[in-house]
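As structure tokens, the structure follows; a few thoughts come after it.
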Amino acid sequence: MRPRGLTAVFSTLAAAGLILGSACGARSTDIVWWTPSWGQARATELARQFEAANPGLRVKIEVTVADGLPTRIQTALRSGAPPDLIEAQHGWVVPYAQAGLLAPLDDVVTPGDRPDYLPAALDYDAWNGHLWGAPFRIETHAVLYNRRLFRDAGLDPDRPPQTWPEVLDAALRLTRKTDAGRQQYGLAITGGGEVGNTLFRVLPLMWMNGGSILSDDLARVTVNERPAVEAVTFYTELFTKHHVSPPSTLQDDGLADRRLFIGGTVAMYQSGQFDIAVIRQENPTLDLGVMKLPHPPGKDTAAALGGWSFIVPKDAPHAGEAKRLARFVSEPAHMGFFTDTFPARTSAMSQPRFSDPILTPFREMLPHGRRVPPARNWLSIVQVFFDHLQRVLLSELAPQAAMDQAAREMQPLLDRP
Amino acid sequence: MRQRGGLLFVMPALVVLALLIVFPVCYMGWLAATDSQGHMALRDNVAAVTGARATRIAVWNTIVYVGASIVLQLVTGTAVGILLNQAFRGRAVVRSLVLLPWVVPGIVAATTWAWMLHTEFGIVNQLLLQVGAVSKPVGWLVDPDMAMPSLIAVNVWKQSPFVAIMVLAGLQAVPKELYEAARVDGASFLGEVRHVMLPGIRDVLVGVGLLLTIWGLNGITLVYAMTRGGPANRTLILPIQIFRLAFDAFQLNQAAALSAMFFACTLVLVWFYVRLSGRREDRA
């Protein structure tokens, strides 16, 4: 019996050793960098340059995909064995920091560097007196439009609409049966997919109109006050009353809108500059135009600032080396090369790739970019807002009634520690 | 000595079991009872999740989704199983084809159906419009009255083959003499179904029904991939609400509290299933 028993014990130890061995497969000086698939080639090139400049350090790139990324990052951060450097959207950084999952990055973006950064990008990553992310990519939305469909509808594509009434008028004229008998829609909005899709489209409308979901001091819900409700009304009536957005609106996110735009089903939709390359690739004949986000008459435009930051997990095995790598990629020349959209540093903006005329409206929107509120339980609050906005899109509730009900559900979330 | 040797042999499996099942369950209990700082907060966590409107909607939707799915899966699966038990040409091929929906991975099936039922791009609407069955696209997954029935239909399509195969296996065990006796008594085919087949597979149906209930309660893939719980929470089920709390809102403690309550309900069903299995083994 003893030999058999010993065999079982050895088997257990061998299995445990195998698991531990595979977990410790990376070399001790490897910096594990999680980068999304779209930036893999550029990340690989920068990693090669970093290794050449830092003998003894090696960068191991692990590619992530957009779908489910917040869940994957959150799981890794809580696992106790996270990667060393992660690219995360600005909006995720402070919630991770509030949960005690990140290392501060005040020494990556030093006080001397900060004047070179877009202030709103730094604001996004700041909490409790520290910087918890190093922003490298920034972007805002604009409205992309099909210039040929504008001409077909008797509109001047060189003078796109600038105000809410003008864009509604254009959308109504663009919503028609084409000569081929196909139904065309003027302006696609989103009402489905990830909550962020719709938040990034409605929240700027509230800001333009002088409202928001929460008060500036983040103590009070203001989503049911007049400016916010007017914005919700304008947005939802594009679908419920004017029917200028397609019937699939309640299941459409930004990607679905882009597909409808590329296929010529919709003439305008709101998105970021990252869509331009895809549109040009999938429909090279599409005559593309871009306009700034239309605003209420007599008021200024606004946009939600989006983009990506580097974060270093609190439990990162090589936090010091990861910060060195983040600092390396944050140098203006490297940041300008690495980012998909605009760089977070103004000095990196001078690179030729950012001077394409079609990017001008996006660049002009940047100074109007704002961070989404860094409120407690913000993601739960946004989910409540989205659920009630969908009820308006379903014509189940009027905008004011829906936002009143949303406010009643949001305030306890805001008050909860 | 012999017993100790046996214990050592099962040790690796027990260690793995403990790591993969017992530890997560205990950790869930700990999370449910504490807040993010580790202080005791069971009552707060339970109050937060039970007070949320979304949770109440999710409970009701889960009952409707699982209840309707199971009834239809059992009815469809049993009918198909009985048909597959009859002798006809090409029966082996048909039996294989019937299994297809069940063997297709859940996420593949859900994504494919989501595209097929898409209001604008979906092939279902294209076909219906072409043959003139509808005058405008149907919002299969966005119309509040259509979304839940559409999900139930896809769920029935996916799981009915499992019921059919289990019923088929059960029917093979029914003694031929019973059919012959029924025929001697002048029973029609429907009479055979009612008086011979269904009583013969009653235990199978109860067991399968319980299994389907447990799987249905835990299933998230189909609904999450097709509607994410929308529109306006019309298809929000409890697993999605738990997922939202944990990974969208980072409220792990509340998510654990809701999971624990949900787990307790599922345990009752598991207990019934284990009891039923034991009874069947005793009879055998």
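Every chain in the structure tokens has a letter given in the order shown (A, B, ...), and although residue numbers restart at 1 in each chain, ligands are simply numbered from 1 in the order shown.
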All helix (DSSP H, G or I) positions in stretch 247-357 of chain A, as an NGL selection string: :A and (247-251 or 254-262 or 274-282 or 319-329 or 332-338 or 346-350 or 352-354 or 357)
Chain A contacts on chain B, only C-alpha atoms, 10 Å, as number ranges by chain: B: 1-13, 15-16, 36-37, 48, 52-54, 114, 118-121, 136-144, 225-234, 243-251
Could those selected residues go to a file with N, CA and C atoms, as a compact mmCIF listing (two decimals), in the first residue's frame?
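Result went into again.txt, see below:
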```
# COMPACT_ATOMS: atom_id res chain seq x y z
N MET B 1 -5.76 0.16 6.30
CA MET B 1 -4.67 0.40 5.36
C MET B 1 -5.20 0.57 3.94
N ARG B 2 -6.08 -0.39 3.54
CA ARG B 2 -6.67 -0.34 2.21
C ARG B 2 -7.45 0.96 2.01
N GLN B 3 -8.19 1.34 3.11
CA GLN B 3 -8.99 2.55 3.02
C GLN B 3 -8.11 3.80 2.86
N ARG B 4 -6.96 3.80 3.60
CA ARG B 4 -6.07 4.95 3.53
C ARG B 4 -5.48 5.09 2.13
N GLY B 5 -5.16 3.91 1.55
CA GLY B 5 -4.61 3.93 0.18
C GLY B 5 -5.62 4.51 -0.80
N GLY B 6 -6.87 4.08 -0.63
CA GLY B 6 -7.92 4.60 -1.51
C GLY B 6 -8.08 6.10 -1.36
N LEU B 7 -7.99 6.54 -0.11
CA LEU B 7 -8.13 7.98 0.15
C LEU B 7 -7.03 8.77 -0.54
N LEU B 8 -5.80 8.20 -0.49
CA LEU B 8 -4.69 8.89 -1.14
C LEU B 8 -4.90 8.98 -2.65
N PHE B 9 -5.49 7.91 -3.20
CA PHE B 9 -5.73 7.92 -4.65
C PHE B 9 -6.74 8.99 -5.06
N VAL B 10 -7.76 9.18 -4.22
CA VAL B 10 -8.77 10.18 -4.61
C VAL B 10 -8.36 11.59 -4.19
N MET B 11 -7.25 11.67 -3.44
CA MET B 11 -6.81 12.98 -2.94
C MET B 11 -6.65 14.03 -4.05
N PRO B 12 -5.94 13.72 -5.13
CA PRO B 12 -5.78 14.76 -6.17
C PRO B 12 -7.12 15.29 -6.67
N ALA B 13 -8.06 14.34 -6.89
CA ALA B 13 -9.38 14.77 -7.38
C ALA B 13 -10.07 15.63 -6.33
N VAL B 15 -8.67 17.47 -4.03
CA VAL B 15 -8.00 18.78 -3.94
C VAL B 15 -8.50 19.69 -5.06
N VAL B 16 -8.55 19.13 -6.27
CA VAL B 16 -9.02 19.92 -7.42
C VAL B 16 -10.46 20.37 -7.20
N SER B 36 -16.73 46.12 0.47
CA SER B 36 -15.46 46.10 -0.24
C SER B 36 -14.27 46.27 0.71
N GLN B 37 -14.53 46.77 1.94
CA GLN B 37 -13.43 46.92 2.91
C GLN B 37 -13.32 45.70 3.83
N ALA B 48 -29.77 46.04 -0.69
CA ALA B 48 -29.46 46.77 -1.94
C ALA B 48 -29.95 45.99 -3.16
N ALA B 52 -33.61 46.83 -5.49
CA ALA B 52 -33.43 47.36 -6.84
C ALA B 52 -34.57 46.91 -7.76
N ARG B 53 -35.10 47.86 -8.50
CA ARG B 53 -36.20 47.53 -9.42
C ARG B 53 -35.76 46.48 -10.44
N ALA B 54 -34.52 46.60 -10.88
CA ALA B 54 -34.02 45.67 -11.91
C ALA B 54 -34.04 44.23 -11.40
N ALA B 114 -28.95 36.06 -33.46
CA ALA B 114 -29.05 37.51 -33.28
C ALA B 114 -28.96 38.21 -34.64
N HIS B 118 -32.00 40.15 -36.72
CA HIS B 118 -31.78 41.60 -36.68
C HIS B 118 -32.84 42.30 -37.54
N THR B 119 -33.34 43.41 -37.02
CA THR B 119 -34.44 44.10 -37.70
C THR B 119 -34.06 44.54 -39.11
N GLU B 120 -32.86 45.09 -39.27
CA GLU B 120 -32.46 45.63 -40.58
C GLU B 120 -31.75 44.61 -41.45
N PHE B 121 -30.73 43.92 -40.85
CA PHE B 121 -29.89 43.04 -41.66
C PHE B 121 -30.39 41.61 -41.71
N LYS B 136 -43.59 45.56 -43.06
CA LYS B 136 -42.41 46.28 -42.58
C LYS B 136 -41.62 45.34 -41.67
N PRO B 137 -40.32 45.63 -41.47
CA PRO B 137 -39.49 44.72 -40.68
C PRO B 137 -40.06 44.49 -39.28
N VAL B 138 -39.97 43.25 -38.82
CA VAL B 138 -40.44 42.91 -37.47
C VAL B 138 -39.27 43.08 -36.49
N GLY B 139 -39.53 43.72 -35.38
CA GLY B 139 -38.47 43.91 -34.38
C GLY B 139 -38.40 42.72 -33.45
N TRP B 140 -37.88 41.61 -33.96
CA TRP B 140 -37.88 40.37 -33.16
C TRP B 140 -37.23 40.56 -31.79
N LEU B 141 -36.13 41.30 -31.78
CA LEU B 141 -35.39 41.44 -30.52
C LEU B 141 -35.51 42.83 -29.92
N VAL B 142 -36.28 43.72 -30.55
CA VAL B 142 -36.42 45.08 -30.00
C VAL B 142 -37.86 45.43 -29.64
N ASP B 143 -38.81 44.73 -30.20
CA ASP B 143 -40.21 44.96 -29.84
C ASP B 143 -40.43 44.34 -28.46
N PRO B 144 -40.92 45.14 -27.49
CA PRO B 144 -41.06 44.60 -26.13
C PRO B 144 -41.97 43.39 -26.03
N ALA B 225 -25.96 37.28 -25.29
CA ALA B 225 -25.44 37.52 -26.64
C ALA B 225 -26.51 38.10 -27.57
N MET B 226 -27.76 37.81 -27.30
CA MET B 226 -28.81 38.25 -28.23
C MET B 226 -29.42 39.60 -27.86
N THR B 227 -29.63 39.87 -26.58
CA THR B 227 -30.30 41.13 -26.21
C THR B 227 -29.62 41.88 -25.08
N ARG B 228 -28.68 41.25 -24.38
CA ARG B 228 -28.05 41.84 -23.19
C ARG B 228 -29.08 42.23 -22.13
N GLY B 229 -30.24 41.63 -22.17
CA GLY B 229 -31.27 41.94 -21.18
C GLY B 229 -32.27 43.00 -21.63
N GLY B 230 -32.02 43.62 -22.78
CA GLY B 230 -32.90 44.68 -23.28
C GLY B 230 -34.01 44.11 -24.14
N PRO B 231 -34.85 44.94 -24.71
CA PRO B 231 -34.90 46.38 -24.54
C PRO B 231 -35.59 46.77 -23.23
N ALA B 232 -35.03 47.79 -22.58
CA ALA B 232 -35.57 48.30 -21.31
C ALA B 232 -35.81 47.17 -20.31
N ASN B 233 -34.84 46.27 -20.19
CA ASN B 233 -34.88 45.17 -19.21
C ASN B 233 -35.98 44.14 -19.49
N ARG B 234 -36.56 44.15 -20.67
CA ARG B 234 -37.64 43.20 -20.95
C ARG B 234 -37.15 41.75 -20.97
N PHE B 243 -24.24 39.43 -13.41
CA PHE B 243 -23.09 39.80 -14.22
C PHE B 243 -22.93 41.32 -14.26
N ARG B 244 -24.05 42.02 -14.46
CA ARG B 244 -24.00 43.49 -14.52
C ARG B 244 -23.47 44.07 -13.21
N LEU B 245 -23.99 43.54 -12.09
CA LEU B 245 -23.56 44.05 -10.80
C LEU B 245 -22.06 43.82 -10.59
N ALA B 246 -21.62 42.63 -10.98
CA ALA B 246 -20.22 42.27 -10.69
C ALA B 246 -19.26 42.96 -11.65
N PHE B 247 -19.54 42.90 -12.94
CA PHE B 247 -18.52 43.29 -13.90
C PHE B 247 -18.81 44.61 -14.62
N ASP B 248 -20.07 45.06 -14.63
CA ASP B 248 -20.33 46.37 -15.22
C ASP B 248 -20.27 47.44 -14.14
N ALA B 249 -20.83 47.12 -12.96
CA ALA B 249 -20.90 48.12 -11.90
C ALA B 249 -19.83 47.92 -10.83
N PHE B 250 -19.02 46.87 -10.94
CA PHE B 250 -17.96 46.57 -9.97
C PHE B 250 -18.50 46.40 -8.54
N GLN B 251 -19.78 46.03 -8.38
CA GLN B 251 -20.36 45.79 -7.05
C GLN B 251 -20.29 44.30 -6.75
```
Shell around A:Leu187 at 6 Å using only C-alpha atoms, local window under 4 positions removed, as a VMD selection string: chain A and resid 171 244 to 245 268 to 269
Can you write out the residues you just picked, keeping all heavy atoms, as a PDB file, in the first residue's frame?
```pdb
ATOM      1  N   ALA A 171     -32.048  65.673 -41.528  1.00  0.00           N
ATOM      2  CA  ALA A 171     -32.365  64.250 -41.342  1.00  0.00           C
ATOM      3  C   ALA A 171     -33.732  63.916 -41.933  1.00  0.00           C
ATOM      4  O   ALA A 171     -33.917  62.853 -42.542  1.00  0.00           O
ATOM      5  CB  ALA A 171     -32.343  63.909 -39.852  1.00  0.00           C
ATOM      6  N   VAL A 244     -36.404  59.293 -38.159  1.00  0.00           N
ATOM      7  CA  VAL A 244     -35.237  59.474 -39.034  1.00  0.00           C
ATOM      8  C   VAL A 244     -34.139  58.467 -38.689  1.00  0.00           C
ATOM      9  O   VAL A 244     -33.134  58.378 -39.381  1.00  0.00           O
ATOM     10  CB  VAL A 244     -34.683  60.919 -38.946  1.00  0.00           C
ATOM     11  CG1 VAL A 244     -35.713  61.915 -39.431  1.00  0.00           C
ATOM     12  CG2 VAL A 244     -34.231  61.269 -37.528  1.00  0.00           C
ATOM     13  N   SER A 245     -34.309  57.729 -37.599  1.00  0.00           N
ATOM     14  CA  SER A 245     -33.379  56.657 -37.235  1.00  0.00           C
ATOM     15  C   SER A 245     -34.055  55.321 -37.547  1.00  0.00           C
ATOM     16  O   SER A 245     -35.266  55.190 -37.372  1.00  0.00           O
ATOM     17  CB  SER A 245     -33.040  56.757 -35.738  1.00  0.00           C
ATOM     18  OG  SER A 245     -31.978  55.900 -35.413  1.00  0.00           O
ATOM     19  N   MET A 268     -26.340  59.893 -41.986  1.00  0.00           N
ATOM     20  CA  MET A 268     -25.500  60.526 -40.957  1.00  0.00           C
ATOM     21  C   MET A 268     -25.493  59.626 -39.721  1.00  0.00           C
ATOM     22  O   MET A 268     -26.493  58.996 -39.405  1.00  0.00           O
ATOM     23  CB  MET A 268     -26.082  61.892 -40.527  1.00  0.00           C
ATOM     24  CG  MET A 268     -26.142  62.955 -41.577  1.00  0.00           C
ATOM     25  SD  MET A 268     -26.718  64.523 -40.853  1.00  0.00           S
ATOM     26  CE  MET A 268     -28.488  64.303 -40.906  1.00  0.00           C
ATOM     27  N   TYR A 269     -24.377  59.624 -39.025  1.00  0.00           N
ATOM     28  CA  TYR A 269     -24.325  58.982 -37.709  1.00  0.00           C
ATOM     29  C   TYR A 269     -23.159  59.573 -36.927  1.00  0.00           C
ATOM     30  O   TYR A 269     -22.230  60.138 -37.506  1.00  0.00           O
ATOM     31  CB  TYR A 269     -24.223  57.460 -37.827  1.00  0.00           C
ATOM     32  CG  TYR A 269     -22.840  56.907 -38.059  1.00  0.00           C
ATOM     33  CD1 TYR A 269     -22.176  56.183 -37.070  1.00  0.00           C
ATOM     34  CD2 TYR A 269     -22.182  57.085 -39.272  1.00  0.00           C
ATOM     35  CE1 TYR A 269     -20.917  55.660 -37.275  1.00  0.00           C
ATOM     36  CE2 TYR A 269     -20.916  56.572 -39.481  1.00  0.00           C
ATOM     37  CZ  TYR A 269     -20.282  55.856 -38.478  1.00  0.00           C
ATOM     38  OH  TYR A 269     -19.025  55.357 -38.686  1.00  0.00           O
TER      39      TYR A 269
END
```
Non-local contacts of B:Ile63 (12 Å; only C-alpha atoms; under 2 positions in same chain excluded) as a list in words: Arg56, Ile57, Ala58, Val59, Trp60, Asn61, Tyr65, Val66, Gly67, Ala68, Ser69, Ile70, Val71, Met148, Ile152, Thr213, Gly216, Leu217, Thr235, Leu236, Ile237 and Leu238 of chain B
Between atom CA of B:Val163 and atom CA of B:Leu222, distance in Å (one decimal):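 Distance reported for this atom pair: 18.3 Å.
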